[in-house]
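Peer 1: Please see the structure below; I have some questions.
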Amino acid sequence: MNSPARVRFTYDFTSQRPSFHPTMMTSPARVRFAPSPTGRLHIGGARTALYDYLLARQTKGVFVLRIEDTDRKRFVPGAEEEIYEALAWLGMEWDEGPDVGGPHAPYRQSERGDIYLEHAERLVDSGNAYYCFCTPERLARVRKEQQARKEAPRYDGLCRRLSSEDARDRKLGGEAYVVRFKTPLDGETTGVDVIRGEITVANATLDDYIVLKSDGLPTYHLAAMVDDHLMEITHVLRTSEWLPTFPLHVLIYEAFGWEQPAWVHMSVLLNPSGKGKLSKRHGSGKSHAVHPLDLKELGYVPEAAVNWLALMGWSYDDRTEFFNMPDLIDKFSLAKLSASPAAVNFSKLDHFNGLHIRSFSEQELVAKLLPYFHAANLSVTDEQLWRVVPLIQERIRTLDEAVDMAGFLFRDGVRPDPQELVGKNMTPAESASAVRRSIEVVQEFDQLENDRLEFSLRELAEKLNLKVGQLFGILRVAVTGQRVSPPLIETMGLLGKSIVLERLESAQEALNSLK
RNA sequence: GCCCCCAUCGUCUAGGGGACUAGGACGUGGCCCUUUCAAGGCCAAGACCGGGGUUCGAAUCCCCGUGGGGGCACCA
């Protein structure tokens, strides 16, 4: 028996580990991301797409987008468009796909019906599949009986025993049918997974899976295998949810006489608690953003989302964690994919978001921030934001926080709670007097120059026998309306003398009203 | 119930028989810096699931147990 570790060295397509293979994989890979348009793109799907994309770009290969829409009942209008939008936001362009076309078009499975039908026939003709006329009702009944007997629910093989003549006649007679794969009754099937090595399963535990439904459309088992082969996919990346049917897929490839692709079954993503597959809801009732476009909405930048996604189940070395897309394209390696499931960690997303925000040029950040101010109904110009960005760049973790932090700069007035204007360990009267003296200081200026203003205000604090923090605290609330703000002096400079005076005066009034 | 996969700090992970007193990151706590909040710097607590083997030597290889995850549809 080969241990997984040995298997890894045995197969060429795993030759990505630099320490063992000096040359990274250089032959161009053809990889596909094949989502179903049954809902919104999930961060799990986004991660799969990312790894696909990285492998394609790293090897100068091709990234294919294929839409697996063979389930008409679960089809969600608009889902396909959202997938496009999410991938685009994350920064992944596909080379072939429904919208851009390509040498293996069409890329929407619902448009490839004839291909699957023909392949299903081929399987029947070669004795690897058979027509089944059992009704859903009968199947449900059989399943129920099996469960009552504590057996694994499985097709009982009734139609497998039909003669091919009988089957043909019934089919020609117009009876509804499906095509089932004729899984070997005994023996075992071994598939080779890049991450886990050999996976062997007794054929007897496999079912005679339906590969073509009565509506004439294929199930995943047929459609994906046929397309992956026809589209010349070299690496199949999917989550470990497919491990149970992996042997079936190997068998289907064998039945057609096709060469197996490199199979890569990635671990699934778990809820932050580590309990269960990632879902929208969690034990506490809180919900996290599990869709890339929600992340966008919440003020996360795609650079951070990609960085975060990449590190869930993949790692580079024992210290490097900050990656941009080009770094990832350069450093990604299948050999470093983790076999164990990963609980998602949203606080780490926050961390990466802060890191990436701080890594942007001021120009980049201005461009990214502008829409958030506009969404908050603040009319802000490029030039204005340009002066604000240096004050907030290292203070925000998400883009929308910029509005909370600096929105007061663009609003007409501020209405602080009078209580908040009272300085620490001070009375309202003392606070009002401090404001009055500050007004006098500010009035001395033609222009509020940071250095001089700070000097004068510190001097004032000393004269008033106040700590700098006490005075600045009062002024901060007076001028920004907030307890937390960008640095006070710079903020006052940005606001300008007249607005500062206006706000200080109204603060003084508010304090007087407290007496 | 049956089948499959997985197992290092709370979480993500490094680790490929000796370099392990087990490294990093997030989070947490403390200190420094400081006009608030951040950022930054320093420090701390915190893990090899258990038991058997193999070996001079095991976090690392094997087996069993346990735990976790996934799957058992005319869904993908």
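In the structure tokens, each chain is lettered A, B, ... as it comes, each chain's residues begin at 1, and ligands are numbered from 1 in order of appearance.
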Mind listing as a list in words which residues of chain A are within 6 Å of chain B, counting only C-alpha atoms (C1' of nucleotides)?

Peer 2: Lys150, Ala152, Lys213, Glu241, Pro244, Asp318, Arg319, Ser340, Lys348, Glu394, Arg395, Gly469, Phe472 and Val484 of chain A

Peer 1: Save out the residues we just selected, N, CA and C atoms, as a short mmCIF file (atom, residue, chain, number, x, y, z; two decimals), in the first residue's frame.

Peer 2:
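Saved as result-v7.cif:
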data_model
loop_
_atom_site.label_atom_id
_atom_site.label_comp_id
_atom_site.auth_asym_id
_atom_site.auth_seq_id
_atom_site.Cartn_x
_atom_site.Cartn_y
_atom_site.Cartn_z
N LYS A 150 -32.14 -0.81 7.75
CA LYS A 150 -30.85 -0.23 8.11
C LYS A 150 -29.77 -0.53 7.07
N ALA A 152 -27.82 0.63 3.46
CA ALA A 152 -27.51 1.87 2.75
C ALA A 152 -28.49 2.01 1.60
N LYS A 213 -30.80 12.18 -16.77
CA LYS A 213 -32.11 12.26 -16.13
C LYS A 213 -33.23 12.07 -17.16
N GLU A 241 -16.29 17.44 -0.88
CA GLU A 241 -17.65 16.92 -0.93
C GLU A 241 -17.78 15.88 -2.05
N PRO A 244 -16.75 11.18 -2.01
CA PRO A 244 -17.55 9.95 -2.03
C PRO A 244 -17.86 9.44 -3.44
N ASP A 318 6.65 29.55 6.61
CA ASP A 318 6.34 29.71 8.04
C ASP A 318 6.26 31.16 8.50
N ARG A 319 6.31 32.12 7.55
CA ARG A 319 6.14 33.50 8.00
C ARG A 319 5.42 34.46 7.06
N SER A 340 -6.96 19.20 5.62
CA SER A 340 -7.99 19.28 6.67
C SER A 340 -8.85 20.53 6.51
N LYS A 348 -9.57 37.76 10.88
CA LYS A 348 -8.34 37.79 10.07
C LYS A 348 -8.59 38.56 8.77
N GLU A 394 -4.31 54.93 8.19
CA GLU A 394 -3.91 53.88 9.13
C GLU A 394 -4.91 53.70 10.26
N ARG A 395 -6.04 54.40 10.16
CA ARG A 395 -7.03 54.30 11.23
C ARG A 395 -8.24 53.45 10.86
N GLY A 469 -4.60 66.44 27.03
CA GLY A 469 -5.69 65.54 26.70
C GLY A 469 -7.05 66.08 27.10
N PHE A 472 -7.78 69.01 24.55
CA PHE A 472 -7.97 68.48 23.20
C PHE A 472 -9.23 67.61 23.11
N VAL A 484 -14.03 59.96 18.98
CA VAL A 484 -12.92 59.38 18.22
C VAL A 484 -12.84 60.07 16.86
#

Peer 1: Quick one: residues within 7 Å of A:Lys60, only C-alpha atoms (C1' of nucleotides), excluding same-chain residues fewer than 3 positions away - as a list in words?

Peer 2: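 Listing them by chain and then by number gives Pro28, Ala56 and Arg57 of chain A.
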
Peer 1: Find the residues near B:A22: any atom within 8 Å, counting only C-alpha atoms (C1' of nucleotides), skip ones fewer than 2 places away on the same chain, and give them as a PyMOL selection string.

Peer 2: chain B and resi 20+48+59

Peer 1: Do a neighbour search on stretch 86-98 of chain A at 7 Å with only C-alpha atoms (C1' of nucleotides), toss out local chain neighbours closer than 4 positions, and write the hits as an MDAnalysis selection string.

Peer 2: chainID A and resid 53 62:66 82 102 106:108 292:293 302 306

Peer 1: Next, the residues of the selection above should be written as a PDB file, in the first residue's frame with C-alpha atoms.

Peer 2:
ATOM      1  CA  TYR A  53      -7.130  31.077 -11.548  1.00  0.00           C
ATOM      2  CA  VAL A  62      -6.130  28.788 -19.444  1.00  0.00           C
ATOM      3  CA  PHE A  63      -8.847  29.603 -16.942  1.00  0.00           C
ATOM      4  CA  VAL A  64     -12.205  28.373 -18.108  1.00  0.00           C
ATOM      5  CA  LEU A  65     -15.525  29.425 -16.662  1.00  0.00           C
ATOM      6  CA  ARG A  66     -18.266  26.874 -17.186  1.00  0.00           C
ATOM      7  CA  GLU A  82     -23.603  37.667 -10.109  1.00  0.00           C
ATOM      8  CA  GLY A 102     -13.743  29.929 -26.723  1.00  0.00           C
ATOM      9  CA  PRO A 106     -20.815  26.492 -25.578  1.00  0.00           C
ATOM     10  CA  TYR A 107     -19.773  26.840 -21.941  1.00  0.00           C
ATOM     11  CA  ARG A 108     -23.231  26.582 -20.495  1.00  0.00           C
ATOM     12  CA  PRO A 292     -17.845  38.160  -2.045  1.00  0.00           C
ATOM     13  CA  LEU A 293     -20.145  40.945  -3.100  1.00  0.00           C
ATOM     14  CA  PRO A 302     -10.751  42.722  -3.085  1.00  0.00           C
ATOM     15  CA  VAL A 306      -8.141  37.427  -2.128  1.00  0.00           C
TER      16      VAL A 306
END

Peer 1: What parts of stretch 300-441 of chain A does DSSP call alpha helix (DSSP H)? I'd like the answer as a PyMOL selection string.

Peer 2: chain A and resi 302-310+325-331+346-359+362-375+382-392+401-406+428-441
